[in-house]
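Read through the structure below, which is laid out as structure tokens, and then see the notes.
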Amino acid sequence: MAMTILASRCADCNLCIDLCPTAAILPPRREGKQRSTAIDPERCTECVGHFAWPRCVSFCRVGGIVTDLASVENRTALLTRWQALTGGGTYCQEFAQGMDAVEELGEPVA
Ligand code: SF4
Ligand code: SF4
């Protein structure tokens, strides 16, 4: 896993949760006064196997998702995870929901 959510930037819109093809982004939790969304490192493939770029990063309007340089994996490791999660090509339900969200919102602003 090499993506992480910056709590200081995240606006809790939940968009990335619906867009993640591997359901790696966990629903927000409240920790004291802070509400935070997190990425499960055991499910994030950086979108390898689904898209050519990390989809959550592309759609987050506030730049709230960045590369976690302390947790970098190579493409082979990410592909292996994707195959384990999907069986090598079966999109999960959360992916279908994400596509609905994209149709409503349109493509991301470059
Ligand atoms: S898309 Fe960005 S602002 Fe919205 S929940 Fe995800 S990280 Fe937070
Ligand atoms: S990079 Fe892709 S797999 Fe990882 S959390 Fe973002 S949308 Fe999900």
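Here's how to read the names in the structure tokens: chain A, B, ... by the order shown, residue numbers from 1 in each chain, ligand numbers from 1 in the order shown.
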Problem set entry | Within 12 Å of ligand 1 (only C-alpha atoms and all ligand atoms), residues as a PyMOL selection string | chain A and resi 3-20+24-29+35-39+54-66+98+101+108
Problem set entry | Spatial neighbours of range 74-91 of chain A, 10 Å, only C-alpha atoms, chain gap at least 4 places, as a VMD selection string | chain A and resid 1 to 2 21 to 23 42 to 50 95 to 96
For the selection just defined, write its residues with C-alpha atoms to a file, as a PDB file, in the first residue's frame.
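Contents of again.pdb, as written:
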ATOM      1  CA  MET A   1       0.000   0.000   0.000  1.00  0.00           C
ATOM      2  CA  ALA A   2       1.326   3.383  -0.833  1.00  0.00           C
ATOM      3  CA  PRO A  21     -12.410  -0.754  -6.834  1.00  0.00           C
ATOM      4  CA  THR A  22     -11.143  -2.927  -3.982  1.00  0.00           C
ATOM      5  CA  ALA A  23     -13.171  -1.416  -1.138  1.00  0.00           C
ATOM      6  CA  GLU A  42      -4.223  -4.957   2.875  1.00  0.00           C
ATOM      7  CA  ARG A  43      -6.763  -3.971   0.198  1.00  0.00           C
ATOM      8  CA  CYS A  44      -5.185  -1.010  -1.622  1.00  0.00           C
ATOM      9  CA  THR A  45      -3.485  -1.988  -4.870  1.00  0.00           C
ATOM     10  CA  GLU A  46      -2.910   1.626  -5.932  1.00  0.00           C
ATOM     11  CA  CYS A  47      -5.573   0.653  -8.479  1.00  0.00           C
ATOM     12  CA  VAL A  48      -3.176  -1.707 -10.248  1.00  0.00           C
ATOM     13  CA  GLY A  49      -5.358  -4.220 -12.075  1.00  0.00           C
ATOM     14  CA  HIS A  50      -8.210  -1.738 -12.483  1.00  0.00           C
ATOM     15  CA  PHE A  95     -16.593  -0.821  -8.037  1.00  0.00           C
ATOM     16  CA  ALA A  96     -20.026  -0.861  -9.612  1.00  0.00           C
TER      17      ALA A  96
END
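You can rank A:Glu31, A:Asp40, A:Glu73, A:Asp68 by their closest distance to ligand 2 using only C-alpha atoms and all ligand atoms, and at the top of that list sits A:Asp40.
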Problem set entry | atom 7 (S, counted along the ligand's line) of ligand 2 to CA of Arg30 in chain A, distance in Å rounded to a single decimal | 21.7 Å
